[in-house]
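Worksheet: the structure to be examined is printed underneath.
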Amino acid sequence: MADATCALHYDPRTAPSAETWLATPASERIKAVQRWLEANGASLPWTSASADEWRALEDELATGYPPETDRLMTRMVDAGIDRTMAVWALAGASGAQRFRQLTRVARRPASPLVFGGERLFDERDLSILPAAFEAGRRGFGPAHEAVIEHYRRYYASDEAMNVATAAGFCFGHAASPGLHRTGEEREAYLFGGDISEEAPFYLPVMQAYGELNEYVLDSLFGQVSPIPPSCRPPERPEACFESAFSDWCRGLTVSLEVRIGDWASHLHAHPSLQADYETTVDTLTLFASRRRATVILGRRTPPNESFATATARLHASIEAAATHLYRLAHPVLLGGGIR
């Protein structure tokens with residue numbers, strides 16, 4: 001038996017000694033896992049797995065039974081998945097989650113050499129696991145974008161917004177006057193309704209969209225560009241219509257339509273802002289489509305100014321217009337002169 005005076009050490013980065021692990025009472029194994037989880041919780045994503053579920057998984061790997069658990073772990077590690085990440089995912093796939101996961105992947109063709117629990121994660125799952133693991137942490141970044149796009153590609157309805165469209169939509173809400181609406185209002189548009197039940201348990205879709213919204217809010221409050229780097233307009237104005245920035249513009253137009261009542265009330269109270277608001281919105285939504293650009297430029301540019309010249313002129317003021325829209329919604333930020 002393990003020495004009772006020496007607490008069992010556990011670190012999922014390396015497989016524990018099967019002999020030592022199994023010779024230690026189950027209660028001590030759970031405590032060892034719990035100590036590690038408490039010490040490393042800040043660097044872990046959200047997980048529904050308990051210390052007992054992590055312990056149970058390590059028991060299966062140590063005993064080699066059922067053998068498909070060990071084969072799946074080997075396949076995940078061979079695919080480049082960090083062992084901690086693999087343990088996190090496999091421990092989470094227990095109970096009802098395991099049934100859901102197996103039901104979901106059972107609808108896909110599989111190798112005739114893969115059986116039972118080995119099917120819990122296929123190649124599609126393994127490809128997104130690193131991003132899913134990283135996206136469980138705070139601070140919007142490429143991992144959150146990968147989760148959103150993976151969700152849209154395989155599980156979401158056609159109405160779910162991609163990263164750029166969602167960023168424009170979140171910006172429109174954040175830059176609107178009045179009280180910020182609840183998350184439910186945003187989610188109805190961002191997800192295209194509810195999160196698909198087909199989405200695997202480990203894919204933090206709501207967290208990814210939520211972190212995108214926080215990024216936009218923090219950027220506005222910090223007076224920096226609220227447009228994520230992957231969505232910013234390309235250097236050449238003519239390329240904007242085929243870029244992610246065009247999607248961003250479309251997301252903003254949807255948000256402006258949703259919040260039209262708030263803007264109408266706000267501009268009624270501050271009529272001197274009306275013309276400035278219209279010009280700012282035209283600048284920010286110019287590249288939603290060529291048709292929209294033609295309409296905007298038709299009423300905003302001198303007759304002798306070419307389409308290319310006009311778009312280039314407005315293209316240069318996009319970043320400033322983004323923060324200016326927020327200031328128009330909060331006149332105190334504009335300083336004096338508001339009547």
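Following the order of the structure tokens, chains are lettered A, B, ..., residues in each are numbered from 1, and ligands are numbered from 1.
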Do a neighbour search on Arg313 in chain A at 12 Å with only C-alpha atoms, toss out local chain neighbours closer than 3 positions, and write the hits as a compact mmCIF listing (two decimals) with N, CA, C and O atoms, in the first residue's frame.
# COMPACT_ATOMS: atom_id res chain seq x y z
N ARG A 236 -6.73 47.82 -49.31
CA ARG A 236 -7.32 48.32 -50.55
C ARG A 236 -8.85 48.39 -50.40
O ARG A 236 -9.50 47.38 -50.15
N PRO A 237 -9.44 49.57 -50.54
CA PRO A 237 -10.89 49.72 -50.37
C PRO A 237 -11.70 48.79 -51.27
O PRO A 237 -12.72 48.24 -50.85
N GLU A 238 -11.24 48.58 -52.49
CA GLU A 238 -12.01 47.74 -53.41
C GLU A 238 -12.07 46.29 -52.97
O GLU A 238 -12.92 45.52 -53.42
N THR A 283 -20.65 55.66 -43.24
CA THR A 283 -19.23 55.31 -43.32
C THR A 283 -19.00 53.87 -42.83
O THR A 283 -18.27 53.11 -43.45
N LEU A 286 -20.80 51.20 -45.27
CA LEU A 286 -20.59 51.39 -46.71
C LEU A 286 -20.28 50.09 -47.43
O LEU A 286 -20.79 49.81 -48.52
N LEU A 297 -23.11 56.47 -51.66
CA LEU A 297 -22.25 57.41 -52.38
C LEU A 297 -23.06 58.32 -53.30
O LEU A 297 -22.69 59.46 -53.55
N ARG A 300 -24.06 61.08 -51.00
CA ARG A 300 -23.07 61.67 -50.11
C ARG A 300 -21.85 62.25 -50.80
O ARG A 300 -21.03 62.90 -50.15
N THR A 301 -21.68 62.01 -52.09
CA THR A 301 -20.44 62.45 -52.75
C THR A 301 -20.73 63.45 -53.86
O THR A 301 -21.82 63.45 -54.45
N GLU A 305 -16.97 63.05 -58.31
CA GLU A 305 -16.09 62.14 -57.58
C GLU A 305 -16.39 60.70 -57.99
O GLU A 305 -17.54 60.26 -57.93
N SER A 306 -15.35 59.97 -58.36
CA SER A 306 -15.55 58.59 -58.82
C SER A 306 -15.88 57.68 -57.65
O SER A 306 -15.63 58.00 -56.48
N PHE A 307 -16.46 56.52 -57.97
CA PHE A 307 -16.80 55.52 -56.97
C PHE A 307 -15.54 55.10 -56.20
O PHE A 307 -15.56 55.02 -54.97
N ALA A 308 -14.46 54.86 -56.91
CA ALA A 308 -13.22 54.41 -56.28
C ALA A 308 -12.67 55.48 -55.33
O ALA A 308 -12.22 55.19 -54.22
N THR A 309 -12.72 56.74 -55.76
CA THR A 309 -12.21 57.83 -54.93
C THR A 309 -13.06 58.01 -53.67
O THR A 309 -12.54 58.20 -52.57
N ALA A 310 -14.36 57.90 -53.86
CA ALA A 310 -15.26 58.09 -52.72
C ALA A 310 -15.10 56.97 -51.69
O ALA A 310 -15.05 57.24 -50.48
N ALA A 316 -10.73 55.45 -45.28
CA ALA A 316 -9.69 55.98 -44.40
C ALA A 316 -10.24 56.43 -43.05
O ALA A 316 -9.48 56.58 -42.09
N SER A 317 -11.55 56.62 -42.95
CA SER A 317 -12.11 57.14 -41.70
C SER A 317 -12.89 56.10 -40.91
O SER A 317 -13.57 56.44 -39.94
N ILE A 318 -12.79 54.83 -41.29
CA ILE A 318 -13.59 53.78 -40.65
C ILE A 318 -13.28 53.63 -39.16
O ILE A 318 -14.18 53.59 -38.32
Any idea what's packed within 8 Å of Tyr151 in chain A, counting only C-alpha atoms, ignoring anything in its chain fewer than 6 positions away? Could you give it as a list of chain:residue names?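 The neighbour list is A:Ala199, A:Leu203, A:Val205.
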What lies within 8 Å of Ala208 in chain A using only C-alpha atoms, ignoring chain neighbours under 5 positions off, as a compact mmCIF listing (two decimals) with N, CA and C atoms, in the first residue's frame?
# COMPACT_ATOMS: atom_id res chain seq x y z
N ALA A 135 -10.24 28.13 -25.66
CA ALA A 135 -11.35 29.08 -25.66
C ALA A 135 -12.14 29.05 -24.36
N GLY A 136 -11.87 28.08 -23.50
CA GLY A 136 -12.53 28.07 -22.21
C GLY A 136 -11.98 29.12 -21.27
N PHE A 140 -10.80 37.22 -25.54
CA PHE A 140 -11.10 36.79 -26.90
C PHE A 140 -9.85 36.71 -27.76
N HIS A 144 -11.17 31.38 -29.81
CA HIS A 144 -12.60 31.63 -29.77
C HIS A 144 -13.16 31.74 -31.19
N GLU A 145 -12.41 32.35 -32.07
CA GLU A 145 -12.84 32.43 -33.47
C GLU A 145 -12.94 31.04 -34.07
N VAL A 147 -13.54 28.22 -32.53
CA VAL A 147 -14.71 27.54 -31.97
C VAL A 147 -15.99 27.98 -32.67
N ILE A 148 -16.13 29.29 -32.85
CA ILE A 148 -17.34 29.81 -33.52
C ILE A 148 -17.45 29.28 -34.94
Pick out the closest residue to Glu68 in chain A from this set: A:Leu90, A:Ala7, A:Ala269, A:Ala132. Count only C-alpha atoms. A:Leu90
Within 10 Å of range 74-78 of chain A, counting only C-alpha atoms, which residues show up once you throw out same-chain ones fewer than 3 positions away? Write them as a PyMOL selection string, please. chain A and resi 68-71+81-87+118+121-123+126+129
